[in-house]
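Worksheet: the structure to be examined is printed underneath.
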Amino acid sequence: MLELPHHGRYPYSAITQRPDYSWPQGKRLAIYLALNIEHFAFGDGLGHAMTNTLPGIDPRTFAWRDYGNRVGVWRLLELLDELKAPACHLVNTTIMDYAPAITEAIMARGDEIVGHGRTNAERQGQWWEADEKRVLEEVRDKIMHHTGRAPRGWMGPWMSQSRVTPDLLQETGYKFEMDWPGDDQPIWMKTRQGRLMSMPYSLEINDSPQILVRHHTGEDFATMIVHQFEEMLRQSERQPLVLGIALHTMIVGQPYRLYALRKALEHIVNHPQADKVWLTRPGEIHDHLLTLPEGTVV
């Protein structure tokens, strides 16, 4: 009998055969907005690209990315304030020194910071274990230094992981990670010294792959958000679900895309069945699940 290699982190589980539960106040659909706030090296390393990058030094592409930190993030924070919406922020820690005003604004909103590596100019999946552990600790300690709170969540730059990343995350104090987009509910992952929660994070309702890779428009992406929300709201009558909406400051922070995003988020917050929706943050989802009887979360 053929046995395929398996990660061994979690067993198969059909979402239709799991224990039922609800979010606080009997709500059924948890929604979180994840704002990726990223910082890149000039003329070196990895980076998002809107068009073909130039060889060598490419100020055009670097500046397009930097637009997200100089303009896009502020327009998105303004929109979140208008909607009275909480958010989590996936932050490269080099941004904390480069643009400290961003961290200050996040803290003033009472939002959650999720560890997102040092910079999106690098990815961790190919590092030696000791080097990866050192960076996880460095990111943890940097966020603690700037905010007074250690991050509980992790999202790897480029969603990159090594074979031991979940183990190292659990061992360095992280409580959940967002790099395994295989479910619409949080699940428990096995690690060599305990367990780690996997938080749903979408590759579909994510402006980066949809707009930069698949070349959809801002209007297309806004429609995807609305359709995903409506269908998951219907499905949540049977199982509690999590809808993560992943945004990048240099992408939907562009005015013409922000216009479309605004319409989609207004559709959610003003929906006739908004009483079934919990607009929240990943850390609050994690905390609620810890209050449920053991075995409720698979």
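Just remember, in the structure tokens the first chain shown is A, the second B, etc., residues are 1-based per chain, and ligands are 1-based in the order shown.
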
Can you write out as a tab-separated table which residues of segment 136-224 of chain A fall within 9 Å of segment 254-262 of chain A, alongside each residue's closest atom pair and its distance in Å to one decimal, counting only C-alpha atoms and ordering rows by chain and ascending residue number?
```
residue	atom	partner	partner_atom	distance
A:Thr217	CA	A:Arg257	CA	7.9
A:Gly218	CA	A:Arg257	CA	4.7
A:Glu219	CA	A:Ala260	CA	5.5
A:Asp220	CA	A:Ala260	CA	8.7
A:Phe221	CA	A:Leu261	CA	7.9
A:Ala222	CA	A:Leu261	CA	5.4
A:Thr223	CA	A:Ala260	CA	8.6
```

Just write the chosen residues, N, CA and C atoms, as an mmCIF file, in the first residue's frame.
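Generated output (out-v3.cif):
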```
data_model
loop_
_atom_site.group_PDB
_atom_site.id
_atom_site.type_symbol
_atom_site.label_atom_id
_atom_site.label_comp_id
_atom_site.auth_asym_id
_atom_site.auth_seq_id
_atom_site.Cartn_x
_atom_site.Cartn_y
_atom_site.Cartn_z
ATOM 1 N N THR A 217 -8.680 42.687 -10.792
ATOM 2 C CA THR A 217 -8.786 44.109 -10.484
ATOM 3 C C THR A 217 -9.197 44.307 -9.025
ATOM 4 N N GLY A 218 -9.122 45.558 -8.578
ATOM 5 C CA GLY A 218 -9.609 45.873 -7.245
ATOM 6 C C GLY A 218 -11.083 45.575 -7.094
ATOM 7 N N GLU A 219 -11.858 45.839 -8.143
ATOM 8 C CA GLU A 219 -13.293 45.522 -8.115
ATOM 9 C C GLU A 219 -13.517 44.019 -8.039
ATOM 10 N N ASP A 220 -12.696 43.243 -8.767
ATOM 11 C CA ASP A 220 -12.791 41.783 -8.686
ATOM 12 C C ASP A 220 -12.550 41.315 -7.253
ATOM 13 N N PHE A 221 -11.519 41.851 -6.648
ATOM 14 C CA PHE A 221 -11.174 41.427 -5.290
ATOM 15 C C PHE A 221 -12.270 41.807 -4.304
ATOM 16 N N ALA A 222 -12.836 42.993 -4.445
ATOM 17 C CA ALA A 222 -13.933 43.399 -3.569
ATOM 18 C C ALA A 222 -15.130 42.468 -3.723
ATOM 19 N N THR A 223 -15.410 42.060 -4.951
ATOM 20 C CA THR A 223 -16.513 41.115 -5.184
ATOM 21 C C THR A 223 -16.221 39.778 -4.525
#
```

Could you name the residues that touch segment 8-21 of chain A at 8 Å or less, counting only C-alpha atoms, but leaving out those on the same chain fewer than 4 positions away, as a VMD selection string? chain A and resid 188 to 191 238 to 240 296 to 298

Residues within 10 Å of Met197 of chain A, please, as a compact mmCIF listing (two decimals) with C-alpha atoms, in the first residue's frame. Count only C-alpha atoms; anything in the same chain fewer than 2 positions from it doesn't count.
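Now in part_33.txt:
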```txt
# COMPACT_ATOMS: atom_id res chain seq x y z
CA GLY A 153 0.76 34.90 16.62
CA PRO A 166 5.82 24.81 14.28
CA GLN A 170 5.72 26.67 20.26
CA TYR A 174 4.03 31.77 20.15
CA LYS A 175 0.48 30.48 20.63
CA PHE A 176 -0.84 30.32 17.06
CA GLU A 177 0.44 30.50 13.50
CA MET A 178 -1.20 31.52 10.22
CA PRO A 186 -8.81 26.92 13.89
CA ILE A 187 -7.27 23.52 14.55
CA TRP A 188 -4.58 22.17 16.85
CA MET A 189 -1.20 21.23 15.41
CA LYS A 190 1.16 18.79 17.07
CA ARG A 195 0.48 21.94 20.63
CA MET A 199 -5.46 30.04 12.56
CA PRO A 200 -7.23 30.20 9.17
CA HIS A 286 -7.53 31.90 20.16
CA LEU A 289 -11.37 28.67 21.97
CA VAL A 297 -11.36 22.11 18.76
CA VAL A 298 -9.88 19.24 16.76
```

If you count only C-alpha atoms, which residues fall within 6 Å of segment 30-43 of chain A, apart from same-chain ones fewer than 5 positions away, as a PyMOL selection string? chain A and resi 57+87-92+95+119-121+242-248+277-281

Pick from A:Asp207, A:Glu129, A:Glu104, A:Asp141 nearest to Val252 of chain A, counting only C-alpha atoms: A:Asp207

Atom CA of Trp127 of chain A to atom CA of Pro5 of chain A, straight-line distance in Å: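 For atom CA of Pro5 of chain A relative to atom CA of Trp127 of chain A, the distance reads 21.5 Å.
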
DSSP alpha helix (DSSP H) residues within segment 38-222 of chain A, listed as a PyMOL selection string: chain A and resi 59-67+73-83+94-98+100-109+129-147+165-171+207+218-222

Segment 77-228 of chain A: which residues are strand (DSSP E or B) by DSSP, as a VMD selection string? chain A and resid 88 to 91 112 to 115 153 to 154 176 to 177 187 to 191 194 to 198 206

Could you please take those selected residues and save N, CA and C atoms as an mmCIF file, in the first residue's frame?
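Just written: selection_20.cif:
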```cif
data_model
loop_
_atom_site.group_PDB
_atom_site.id
_atom_site.type_symbol
_atom_site.label_atom_id
_atom_site.label_comp_id
_atom_site.auth_asym_id
_atom_site.auth_seq_id
_atom_site.Cartn_x
_atom_site.Cartn_y
_atom_site.Cartn_z
ATOM 1 N N CYS A 88 -5.788 43.042 12.948
ATOM 2 C CA CYS A 88 -4.464 42.574 13.341
ATOM 3 C C CYS A 88 -3.485 43.020 12.265
ATOM 4 N N HIS A 89 -2.232 43.193 12.668
ATOM 5 C CA HIS A 89 -1.233 43.728 11.761
ATOM 6 C C HIS A 89 -0.040 42.781 11.730
ATOM 7 N N LEU A 90 0.239 42.255 10.553
ATOM 8 C CA LEU A 90 1.361 41.350 10.353
ATOM 9 C C LEU A 90 2.572 42.217 10.015
ATOM 10 N N VAL A 91 3.447 42.401 11.001
ATOM 11 C CA VAL A 91 4.448 43.459 10.932
ATOM 12 C C VAL A 91 5.852 42.887 10.808
ATOM 13 N N GLU A 112 -3.880 44.236 17.407
ATOM 14 C CA GLU A 112 -2.953 43.140 17.670
ATOM 15 C C GLU A 112 -1.831 43.144 16.639
ATOM 16 N N ILE A 113 -0.597 42.927 17.110
ATOM 17 C CA ILE A 113 0.543 42.754 16.216
ATOM 18 C C ILE A 113 0.915 41.279 16.174
ATOM 19 N N VAL A 114 0.985 40.751 14.971
ATOM 20 C CA VAL A 114 1.388 39.371 14.727
ATOM 21 C C VAL A 114 2.803 39.393 14.167
ATOM 22 N N GLY A 115 3.669 38.518 14.677
ATOM 23 C CA GLY A 115 5.027 38.451 14.164
ATOM 24 C C GLY A 115 5.043 38.053 12.696
ATOM 25 N N GLY A 153 0.936 35.517 17.916
ATOM 26 C CA GLY A 153 0.756 34.897 16.615
ATOM 27 C C GLY A 153 1.951 35.086 15.709
ATOM 28 N N TRP A 154 2.034 34.220 14.701
ATOM 29 C CA TRP A 154 3.136 34.262 13.735
ATOM 30 C C TRP A 154 2.606 33.993 12.335
ATOM 31 N N PHE A 176 -0.171 30.752 18.298
ATOM 32 C CA PHE A 176 -0.837 30.324 17.062
ATOM 33 C C PHE A 176 -0.028 30.792 15.866
ATOM 34 N N GLU A 177 -0.229 30.118 14.736
ATOM 35 C CA GLU A 177 0.440 30.505 13.501
ATOM 36 C C GLU A 177 -0.588 30.546 12.376
ATOM 37 N N ILE A 187 -7.520 24.908 14.162
ATOM 38 C CA ILE A 187 -7.272 23.521 14.555
ATOM 39 C C ILE A 187 -5.979 23.465 15.364
ATOM 40 N N TRP A 188 -5.804 22.367 16.086
ATOM 41 C CA TRP A 188 -4.577 22.167 16.847
ATOM 42 C C TRP A 188 -3.558 21.428 16.006
ATOM 43 N N MET A 189 -2.317 21.896 16.057
ATOM 44 C CA MET A 189 -1.201 21.230 15.410
ATOM 45 C C MET A 189 -0.295 20.614 16.467
ATOM 46 N N LYS A 190 0.233 19.445 16.168
ATOM 47 C CA LYS A 190 1.164 18.786 17.072
ATOM 48 C C LYS A 190 2.555 19.380 16.900
ATOM 49 N N THR A 191 3.243 19.568 18.014
ATOM 50 C CA THR A 191 4.653 19.931 17.970
ATOM 51 C C THR A 191 5.410 18.997 18.907
ATOM 52 N N GLY A 194 4.437 20.085 22.592
ATOM 53 C CA GLY A 194 3.093 20.541 22.947
ATOM 54 C C GLY A 194 2.268 20.760 21.702
ATOM 55 N N ARG A 195 1.343 21.689 21.768
ATOM 56 C CA ARG A 195 0.480 21.941 20.632
ATOM 57 C C ARG A 195 0.496 23.432 20.288
ATOM 58 N N LEU A 196 0.129 23.725 19.054
ATOM 59 C CA LEU A 196 0.128 25.079 18.522
ATOM 60 C C LEU A 196 -1.140 25.226 17.693
ATOM 61 N N MET A 197 -1.856 26.326 17.859
ATOM 62 C CA MET A 197 -3.091 26.525 17.113
ATOM 63 C C MET A 197 -2.779 27.033 15.708
ATOM 64 N N SER A 198 -3.441 26.462 14.729
ATOM 65 C CA SER A 198 -3.373 26.961 13.359
ATOM 66 C C SER A 198 -4.602 27.819 13.109
ATOM 67 N N ASN A 206 -7.176 37.336 -0.419
ATOM 68 C CA ASN A 206 -5.852 37.893 -0.164
ATOM 69 C C ASN A 206 -5.470 38.719 -1.381
#
```
